[in-house]
Amino acid sequence: MREEAPRSEVFGRLDDGTEVQRWTMARGGTRLRVLSYGGVVQSLELPDRHGESANVSLGFDTLEPYADGRSPYFGALIGRYGNRVAEGRFTLDGRTHRLPCNDGPNSLHGGDVGFDRRLWEVTPSGAAGLTLRLTSEDGDQGYPGTLRVRVDYTLTEDGAFRIDYAAETDAPTVVNLTSHTYFNLAGEGAGTILDHRLGLEAGHYTPVGATLIPEGPPAPVEGTPFDFRRAKPIGRDLRQAHPQLLRAQGFDHNFVLDKGVTAEPERVATVYEPGSGRLMTVATREPGLQFYSGNFLDGSLAGPSGRVYRQGDGLCLETQHFPDSPNRPDFPGTVLRPDETYRSSTVHSFAVR
């Protein structure tokens, strides 16, 4: 695959006529396509062990399913708060803030109109980079403070996909940004991810209650289906009658990474797909990782391949702080104040074997 500097084209138009751009860039064997709507990773192409490239991210080939609310966050940037906030409210400095409840009794991924449904300003940067900017006004989806966000997407010389997040606020608020790309290393539309071998450097996870909000302290993974400390096929323990798997209809849990918060990205996860030989390694600064096994894909959506997405056809590894942290003082903090800058970085590296 030849190197391609960032270039844009019109991908579609929103109902008000606003153009949505699709940016394409390639480097080191990786080709990435990104939308200005939602900062969506619309396509991520990687070679297999035979040098044949395929798109390994789930999504759509037209704008409409992203913009009309049908997309289950395919490839999107998530904010202001990734994951769930219990009962759509939190208290900060003595004031209670109320958020839209768009996931049963809870607020999910920033509310009804989160960053995944906003138009980002996108500019090229460097040989293979994009800078995305968004301003979230005070009171946006109930969150306090005007938040100015910058996200950099970069393809490194060896084809790794790096995401760097930064945000500043003019009033105390909470922030938890992440990316919601669904991966299938066999290729988009290739079927189940249950034979993918997943390894997680996490000795604990956060068990959830009936509405998937963490309950109690983190629990050890040892002796449970949640033990991925030694890589194993995702499907090996998926059908165990474990109460947590029954509750979430599969894996949809935050893993407490052994390394905690770090100054630079450190390796926390590996995913290997035996058929293609594709291997993905994830490194992050974040203390948590939400592993989601595509439990709620129900066959009602189809991707660019023309094949429908069914339960277990994609996996998400959302690097983040823990769910409901604004209401859990025992979890790593997510408060951002005006004299601070929020920073986070995650790197997806690729290889074949």
# chains A, B, ... in the order shown; residues from 1 in each chain; ligands from 1
$ residues_around --residues "Ser125 in chain A" --least-positions-apart "6" --cutoff "10 Å" --atoms "only C-alpha atoms" --output "MDAnalysis selection string"
chainID A and resid 5:6 131 152:154
$ write_last_selection --atoms "N, CA and C atoms" --output "PDB file, in the first residue's frame"
ATOM      1  N   ALA A   5      -0.959  11.104   1.579  1.00  0.00           N
ATOM      2  CA  ALA A   5      -1.166  12.258   2.443  1.00  0.00           C
ATOM      3  C   ALA A   5      -2.663  12.462   2.646  1.00  0.00           C
ATOM      4  N   PRO A   6      -3.068  13.069   3.755  1.00  0.00           N
ATOM      5  CA  PRO A   6      -4.496  13.259   4.005  1.00  0.00           C
ATOM      6  C   PRO A   6      -5.186  14.023   2.871  1.00  0.00           C
ATOM      7  N   THR A 131      -6.144  16.573  12.657  1.00  0.00           N
ATOM      8  CA  THR A 131      -6.510  17.212  13.915  1.00  0.00           C
ATOM      9  C   THR A 131      -7.992  17.536  13.884  1.00  0.00           C
ATOM     10  N   ASP A 152      -6.172  14.188  17.976  1.00  0.00           N
ATOM     11  CA  ASP A 152      -5.255  13.966  16.860  1.00  0.00           C
ATOM     12  C   ASP A 152      -5.255  12.490  16.484  1.00  0.00           C
ATOM     13  N   TYR A 153      -5.553  12.221  15.217  1.00  0.00           N
ATOM     14  CA  TYR A 153      -5.426  10.889  14.637  1.00  0.00           C
ATOM     15  C   TYR A 153      -4.123  10.864  13.837  1.00  0.00           C
ATOM     16  N   THR A 154      -3.253   9.912  14.123  1.00  0.00           N
ATOM     17  CA  THR A 154      -1.967   9.836  13.435  1.00  0.00           C
ATOM     18  C   THR A 154      -1.669   8.411  13.029  1.00  0.00           C
TER      19      THR A 154
END
$ residues_around --residues "range 243-253 of chain A" --least-positions-apart "4" --cutoff "9 Å" --atoms "only C-alpha atoms" --output "ChimeraX atom specification"
/A:205-212,214,225-226,238-239,289-296,312
$ closest_residue --among "A:Leu130, A:Val175, A:Val122, A:Val352" --to "Phe322 in chain A" --atoms "only C-alpha atoms"
A:Val175
$ atom_distance --atom1 "CA of Leu108 in chain A" --atom2 "CA of Leu77 in chain A"
13.1 Å
$ closest_residue --among "A:Cys101, A:Leu297, A:Ile163, A:Val40" --to "Gly88 in chain A" --atoms "only C-alpha atoms"
A:Cys101
$ closest_atom_pairs --of "range 46-152 of chain A" --to "range 265-273 of chain A" --cutoff "12 Å" --atoms "only C-alpha atoms" --output "tab-separated table"
residue	atom	partner	partner_atom	distance
A:Asp48	CA	A:Glu273	CA	9.7
A:Arg49	CA	A:Glu273	CA	10.7
A:Val56	CA	A:Glu273	CA	11.0
$ residues_around --residues "range 12-20 of chain A" --least-positions-apart "4" --cutoff "10 Å" --atoms "only C-alpha atoms" --output "PyMOL selection string"
chain A and resi 8+35-38+62-64+67-68+119-120
$ residues_around --residues "Ile78 in chain A" --least-positions-apart "3" --cutoff "7 Å" --atoms "only C-alpha atoms" --output "PDB file with C-alpha atoms, in the first residue's frame"
ATOM      1  CA  TYR A  81     -18.319  11.132  29.227  1.00  0.00           C
ATOM      2  CA  GLY A  82     -17.662   7.721  27.732  1.00  0.00           C
ATOM      3  CA  HIS A 109     -21.701   8.098  26.017  1.00  0.00           C
ATOM      4  CA  GLY A 110     -22.458  11.762  26.610  1.00  0.00           C
ATOM      5  CA  GLY A 114     -22.923  13.319  22.317  1.00  0.00           C
ATOM      6  CA  PHE A 115     -19.704  14.020  20.476  1.00  0.00           C
ATOM      7  CA  ASP A 116     -20.521  11.076  18.169  1.00  0.00           C
ATOM      8  CA  LEU A 177     -13.116  10.648  26.095  1.00  0.00           C
ATOM      9  CA  THR A 178     -12.712   7.454  24.084  1.00  0.00           C
ATOM     10  CA  SER A 179     -13.076   5.891  20.657  1.00  0.00           C
ATOM     11  CA  HIS A 180     -15.808   3.364  19.904  1.00  0.00           C
TER      12      HIS A 180
END
$ select_by_dssp --residues "range 55-301 of chain A" --states "strand (DSSP E or B)" --output "PyMOL selection string"
chain A and resi 55+57+76-78+81+84-85+89-92+95-98+103+106-108+119+121-124+129-136+147-155+161-169+173-174+176+178-180+183+197-200+204-205+208+214+219-220+232-233+252-256+266-273+278-284+288-292+301
$ atom_distance --atom1 "CA of Leu200 in chain A" --atom2 "CA of Thr224 in chain A"
13.7 Å
$ closest_residue --among "A:Arg162, A:Arg150, A:Arg307, A:Arg84" --to "Val347 in chain A" --atoms "only C-alpha atoms"
A:Arg162
$ select_by_dssp --residues "range 61-160 of chain A" --states "helix (DSSP H, G or I)" --output "PyMOL selection string"
chain A and resi 64-67+86-88+115-117+140-142
$ residues_around --residues "range 329-336 of chain A" --least-positions-apart "5" --cutoff "10 Å" --atoms "only C-alpha atoms" --output "ChimeraX atom specification"
/A:81,92,145,147,167-176,217-218,260-261,286-288,321-324,341-342
$ write_last_selection --atoms "N, CA, C and O atoms" --output "compact mmCIF listing (two decimals), in the first residue's frame"
# COMPACT_ATOMS: atom_id res chain seq x y z
N TYR A 81 -18.66 12.21 28.30
CA TYR A 81 -18.32 11.13 29.23
C TYR A 81 -18.59 9.78 28.59
O TYR A 81 -19.75 9.39 28.40
N LEU A 92 -21.01 17.79 41.62
CA LEU A 92 -19.66 18.33 41.56
C LEU A 92 -19.63 19.65 42.31
O LEU A 92 -20.42 20.56 42.01
N GLY A 145 -19.59 23.94 32.14
CA GLY A 145 -18.36 24.47 31.57
C GLY A 145 -18.30 24.33 30.06
O GLY A 145 -18.80 23.37 29.48
N LEU A 147 -16.23 23.34 27.08
CA LEU A 147 -15.10 22.42 26.92
C LEU A 147 -14.59 22.52 25.48
O LEU A 147 -15.36 22.37 24.53
N ALA A 167 -8.22 18.37 26.23
CA ALA A 167 -9.41 19.19 26.46
C ALA A 167 -9.14 20.19 27.57
O ALA A 167 -8.39 19.91 28.52
N GLU A 168 -9.75 21.36 27.44
CA GLU A 168 -9.67 22.41 28.46
C GLU A 168 -11.06 22.95 28.71
O GLU A 168 -11.92 22.96 27.82
N THR A 169 -11.29 23.41 29.93
CA THR A 169 -12.61 23.89 30.34
C THR A 169 -12.50 25.25 31.03
O THR A 169 -11.43 25.59 31.58
N ASP A 170 -13.59 26.02 31.02
CA ASP A 170 -13.60 27.29 31.74
C ASP A 170 -14.34 27.20 33.07
O ASP A 170 -14.49 28.19 33.78
N ALA A 171 -14.81 25.99 33.41
CA ALA A 171 -15.47 25.76 34.70
C ALA A 171 -15.30 24.28 35.04
O ALA A 171 -15.15 23.45 34.14
N PRO A 172 -15.33 23.93 36.32
CA PRO A 172 -15.17 22.52 36.69
C PRO A 172 -16.20 21.63 35.98
O PRO A 172 -17.38 21.96 35.90
N THR A 173 -15.73 20.50 35.48
CA THR A 173 -16.59 19.56 34.76
C THR A 173 -16.00 18.17 34.89
O THR A 173 -15.00 17.97 35.60
N VAL A 174 -16.62 17.19 34.26
CA VAL A 174 -16.06 15.83 34.20
C VAL A 174 -15.85 15.47 32.74
O VAL A 174 -16.64 15.87 31.86
N VAL A 175 -14.78 14.73 32.47
CA VAL A 175 -14.42 14.38 31.10
C VAL A 175 -13.93 12.94 31.07
O VAL A 175 -13.15 12.52 31.94
N ASN A 176 -14.35 12.20 30.04
CA ASN A 176 -13.89 10.83 29.82
C ASN A 176 -14.07 10.54 28.34
O ASN A 176 -15.14 10.13 27.90
N PRO A 217 -16.88 -2.98 44.89
CA PRO A 217 -15.49 -2.76 44.48
C PRO A 217 -15.12 -3.65 43.29
O PRO A 217 -15.84 -4.60 42.97
N PRO A 218 -14.01 -3.37 42.62
CA PRO A 218 -13.53 -4.27 41.57
C PRO A 218 -13.34 -5.68 42.10
O PRO A 218 -12.97 -5.89 43.26
N GLY A 260 -2.62 0.92 35.91
CA GLY A 260 -3.19 2.17 36.39
C GLY A 260 -3.01 3.29 35.38
O GLY A 260 -2.78 3.05 34.19
N VAL A 261 -3.11 4.55 35.84
CA VAL A 261 -2.88 5.71 34.98
C VAL A 261 -1.38 5.87 34.78
O VAL A 261 -0.61 5.80 35.73
N GLU A 286 -4.71 5.23 29.89
CA GLU A 286 -5.91 5.14 30.71
C GLU A 286 -5.84 4.00 31.73
O GLU A 286 -5.13 3.01 31.52
N PRO A 287 -6.63 4.09 32.83
CA PRO A 287 -6.61 3.04 33.85
C PRO A 287 -7.60 1.91 33.60
O PRO A 287 -7.57 0.89 34.27
N GLY A 288 -8.50 2.10 32.62
CA GLY A 288 -9.54 1.11 32.37
C GLY A 288 -9.72 0.83 30.89
O GLY A 288 -9.28 1.60 30.03
N HIS A 321 -11.47 6.01 31.57
CA HIS A 321 -11.67 5.89 33.00
C HIS A 321 -12.92 5.05 33.24
O HIS A 321 -13.63 4.71 32.30
N PHE A 322 -13.19 4.71 34.49
CA PHE A 322 -14.22 3.72 34.78
C PHE A 322 -15.63 4.31 34.59
O PHE A 322 -15.84 5.51 34.74
N PRO A 323 -16.62 3.46 34.31
CA PRO A 323 -18.01 3.92 34.24
C PRO A 323 -18.44 4.52 35.58
O PRO A 323 -18.01 4.07 36.65
N ASP A 324 -19.28 5.53 35.50
CA ASP A 324 -19.91 6.15 36.68
C ASP A 324 -18.90 6.72 37.67
O ASP A 324 -19.22 6.91 38.85
N THR A 341 -5.32 20.62 31.99
CA THR A 341 -5.57 20.11 30.64
C THR A 341 -5.77 18.61 30.71
O THR A 341 -4.92 17.90 31.26
N TYR A 342 -6.89 18.15 30.20
CA TYR A 342 -7.14 16.72 30.09
C TYR A 342 -6.29 16.18 28.96
O TYR A 342 -6.27 16.73 27.85
$ residues_around --residues "Arg343 in chain A" --least-positions-apart "2" --cutoff "9 Å" --atoms "only C-alpha atoms" --output "PyMOL selection string"
chain A and resi 164-167+285+341+345
